[in-house]
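Heads up: the structure comes next, in structure tokens.
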Amino acid sequence: SSQQFSALTEVLFRFLMEPKEVERFLTQLSDFATMNKISLGPLKNIVKSILLVPNGALKRNLSSEQVRADFIALGLSEEKASYFAEQWKVNSPTLTRLAVGQTLMINQLIDMEWKFGVTAGSSELEKVGSIFLQLKLVIKKGSQTENVYVELTLPQFYSFLHEMERVKTSLESFS
Amino acid sequence: QLVSALHSLTRHVVYRGWTRAEDILALFPENFHQNLKNLLTKIILENVSAWRSEAQASQISLPRLVDVDWRVDIQTASDSISRMAVPTCLLQLKIQEDVALCGDNPVVSALTVELSKETLDTMLEGLGRIRDQLSAVANK
């Protein structure tokens, strides 16, 4: 029935939006199965095949008309296909953003910590009084994180800041 | 022995950070040859600031930033989405390991990091905060 279909669609899209919430998805599926007196096994298979359509659509940047046409070609009723396509249109910006976010990143910078202070003295110089800046960069290498420690002098810091502002301008001109 | 004595003398002057002739002259024993004393003091004074900078450059520290390069790419496709236009930044930091450990053979490693626009914005926020904190300290 159309009510059951819209409830199922809702569950499906919620999962697509938050692909990490696998347990919640499975719980909602089994609730749906019990409420509608369907067995969970065949439901899971149906859901698996249904999910192929939005995932493929995302990969190929399909419009909602194309999604609707795909579903009708697969044997879904027009009404249900249109409903799904509507939901798709509403949710595709978020889904696209999620897909872009999954694009592989090399040595992604996750975090940056810093401290700065004054060098008071050293074994060669009794009184120094120079400022240093220490940065700790947390970088994701594959599945591990690596900490990189760097020290900068003040002039280096200012030129680094300047360069980063140039990068920001460049990135903004391309968005 | 002479070289070693000169070395100790210059190190001592650099350590104490003396820049006036009187302080250095005071180091010599009373019956030291007058002209030699003046000549040595003159030479030391000429070199003291260069020696101080060198000592500061070679003091122990965390790995130091030597160079920064960057480039901006536009990502057009990936395995999860066939068409997109996302600008990202690749940042390369050249880092030199502790100078004191390397001596004459500096070990420079290059670290390449990828930054999304959001990461860059957050980083700039952090750098801005550092700059504000630095000027607050400088103005005290």
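In the structure tokens, each chain is lettered A, B, ... as it comes, each chain's residues begin at 1, and ligands are numbered from 1 in order of appearance.
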Please tabulate, as a Markdown table, the residues of chain B that come within 8 Å of chain A, each with its closest pair of atoms and the distance in Å to one decimal, counting only C-alpha atoms and ordering rows by chain, then residue number upward.
| residue | atom | partner | partner_atom | distance |
| --- | --- | --- | --- | --- |
| B:Arg11 | CA | A:Glu124 | CA | 7.3 |
| B:Val14 | CA | A:Leu125 | CA | 6.4 |
| B:Tyr15 | CA | A:Leu125 | CA | 4.1 |
| B:Arg16 | CA | A:Glu126 | CA | 5.6 |
| B:Gly17 | CA | A:Leu125 | CA | 7.1 |
| B:Arg52 | CA | A:Leu125 | CA | 7.4 |
| B:Ala55 | CA | A:Glu124 | CA | 6.4 |
| B:Gln56 | CA | A:Leu125 | CA | 7.7 |
| B:Gln59 | CA | A:Ser122 | CA | 7.4 |
| B:Ser61 | CA | A:Glu151 | CA | 7.3 |
| B:Leu62 | CA | A:Glu151 | CA | 5.7 |
| B:Pro63 | CA | A:Val150 | CA | 5.2 |
| B:Arg64 | CA | A:Glu151 | CA | 4.7 |
| B:Leu65 | CA | A:Leu152 | CA | 5.8 |
| B:Val68 | CA | A:Phe160 | CA | 7.3 |
| B:Trp70 | CA | A:Val167 | CA | 7.7 |
| B:Arg71 | CA | A:Val167 | CA | 7.9 |
| B:Val72 | CA | A:Leu171 | CA | 6.9 |
| B:Ile74 | CA | A:Phe174 | CA | 7.9 |
| B:Ser78 | CA | A:Thr103 | CA | 6.2 |
| B:Asp79 | CA | A:Thr103 | CA | 7.4 |
| B:Ser80 | CA | A:Lys59 | CA | 5.5 |
| B:Ile81 | CA | A:Lys59 | CA | 4.1 |
| B:Ser82 | CA | A:Lys59 | CA | 5.3 |
| B:Arg83 | CA | A:Asn61 | CA | 6.8 |
| B:Met84 | CA | A:Val100 | CA | 7.7 |
| B:Ala85 | CA | A:Ser175 | CA | 7.9 |
| B:Val86 | CA | A:Ser175 | CA | 7.1 |
| B:Pro87 | CA | A:Leu171 | CA | 5.9 |
| B:Thr88 | CA | A:Leu171 | CA | 7.1 |
| B:Cys89 | CA | A:Val167 | CA | 7.4 |
| B:Ile95 | CA | A:Val150 | CA | 7.2 |
| B:Thr112 | CA | A:Asn107 | CA | 6.9 |
| B:Val113 | CA | A:Asn107 | CA | 5.0 |
| B:Glu114 | CA | A:Gln108 | CA | 5.0 |
| B:Leu115 | CA | A:Leu109 | CA | 6.3 |
| B:Lys117 | CA | A:Leu171 | CA | 6.9 |
| B:Thr119 | CA | A:Leu109 | CA | 7.3 |
| B:Leu120 | CA | A:Lys168 | CA | 7.0 |
| B:Asp121 | CA | A:Lys168 | CA | 7.4 |
| B:Met123 | CA | A:Met112 | CA | 7.2 |
| B:Leu124 | CA | A:Met164 | CA | 7.0 |
| B:Gly126 | CA | A:Met112 | CA | 8.0 |
| B:Leu127 | CA | A:Leu161 | CA | 6.6 |
| B:Gly128 | CA | A:Leu161 | CA | 7.9 |
Leu40 (chain B): which residues within 12 Å, counting only C-alpha atoms, same-chain residues fewer than 2 positions away excluded, as a list in words?
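Once the adjacent positions are removed, what remains is Leu6, Leu9, Thr10, Val13, Ala21, Ile24, Leu25, Leu27, Phe28, Phe32, His33, Gln34, Asn35, Leu36, Lys37, Asn38, Lys42, Ile43, Ile44, Leu45, Glu46, Asn47 and Val48 of chain B.
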From A:Phe13, A:Phe5, A:Phe71, A:Phe32, residue lying nearest Asn91 (chain A) [only C-alpha atoms]
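Checking each candidate against Asn91 (chain A), we get A:Phe13 as the closest.
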Using Å and a single decimal, report how far CA of Gly129 (chain A) sits from CA of Ser4 (chain B).
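Answer for the CA of Ser4 (chain B) to CA of Gly129 (chain A) separation: 28.8 Å.
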Within region 35-128 of chain A, find each residue whose DSSP state, derived from the backbone, is strand (DSSP E), and express the selection as a list of chain:residue names.
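Of region 35-128 of chain A, only A:Gln108, A:Leu109, A:Ile110, A:Asp111, A:Met112, A:Glu113, A:Trp114, A:Lys115, A:Phe116, A:Gly117, A:Val118, A:Thr119 fall in strand (DSSP E).
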What does the file look like for those residues with C-alpha atoms, as a PDB file, in the first residue's frame?
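Printed below is result.pdb as written:
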ATOM      1  CA  GLN A 108      44.021  15.051   5.504  1.00  0.00           C
ATOM      2  CA  LEU A 109      44.668  17.689   8.155  1.00  0.00           C
ATOM      3  CA  ILE A 110      42.387  16.924  11.063  1.00  0.00           C
ATOM      4  CA  ASP A 111      43.526  19.188  13.834  1.00  0.00           C
ATOM      5  CA  MET A 112      45.967  21.915  14.662  1.00  0.00           C
ATOM      6  CA  GLU A 113      47.216  22.878  18.113  1.00  0.00           C
ATOM      7  CA  TRP A 114      49.713  25.533  18.980  1.00  0.00           C
ATOM      8  CA  LYS A 115      51.675  27.197  21.698  1.00  0.00           C
ATOM      9  CA  PHE A 116      54.095  30.028  21.631  1.00  0.00           C
ATOM     10  CA  GLY A 117      56.525  31.352  24.123  1.00  0.00           C
ATOM     11  CA  VAL A 118      59.802  33.010  24.668  1.00  0.00           C
ATOM     12  CA  THR A 119      63.189  31.350  24.631  1.00  0.00           C
TER      13      THR A 119
END
As a PyMOL selection string, list the residues of chain A assigned to helix (DSSP H, G or I) by DSSP on the backbone atoms of this structure.
chain A and resi 2-17+22-35+40-59+64-73+78-101+154-174
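Restricting the calculation to only C-alpha atoms, the smallest distance between Leu16 (chain A) and any of A:Lys136, A:Val53, A:Tyr83, A:Glu146 is found for A:Val53.
Between CA of Gln66 (chain A) and CA of Ala33 (chain A) lies a distance of 29.2 Å.
With CA of Ala5 (chain B) on one side and CA of Thr41 (chain B) on the other, the separation reads 14.3 Å.
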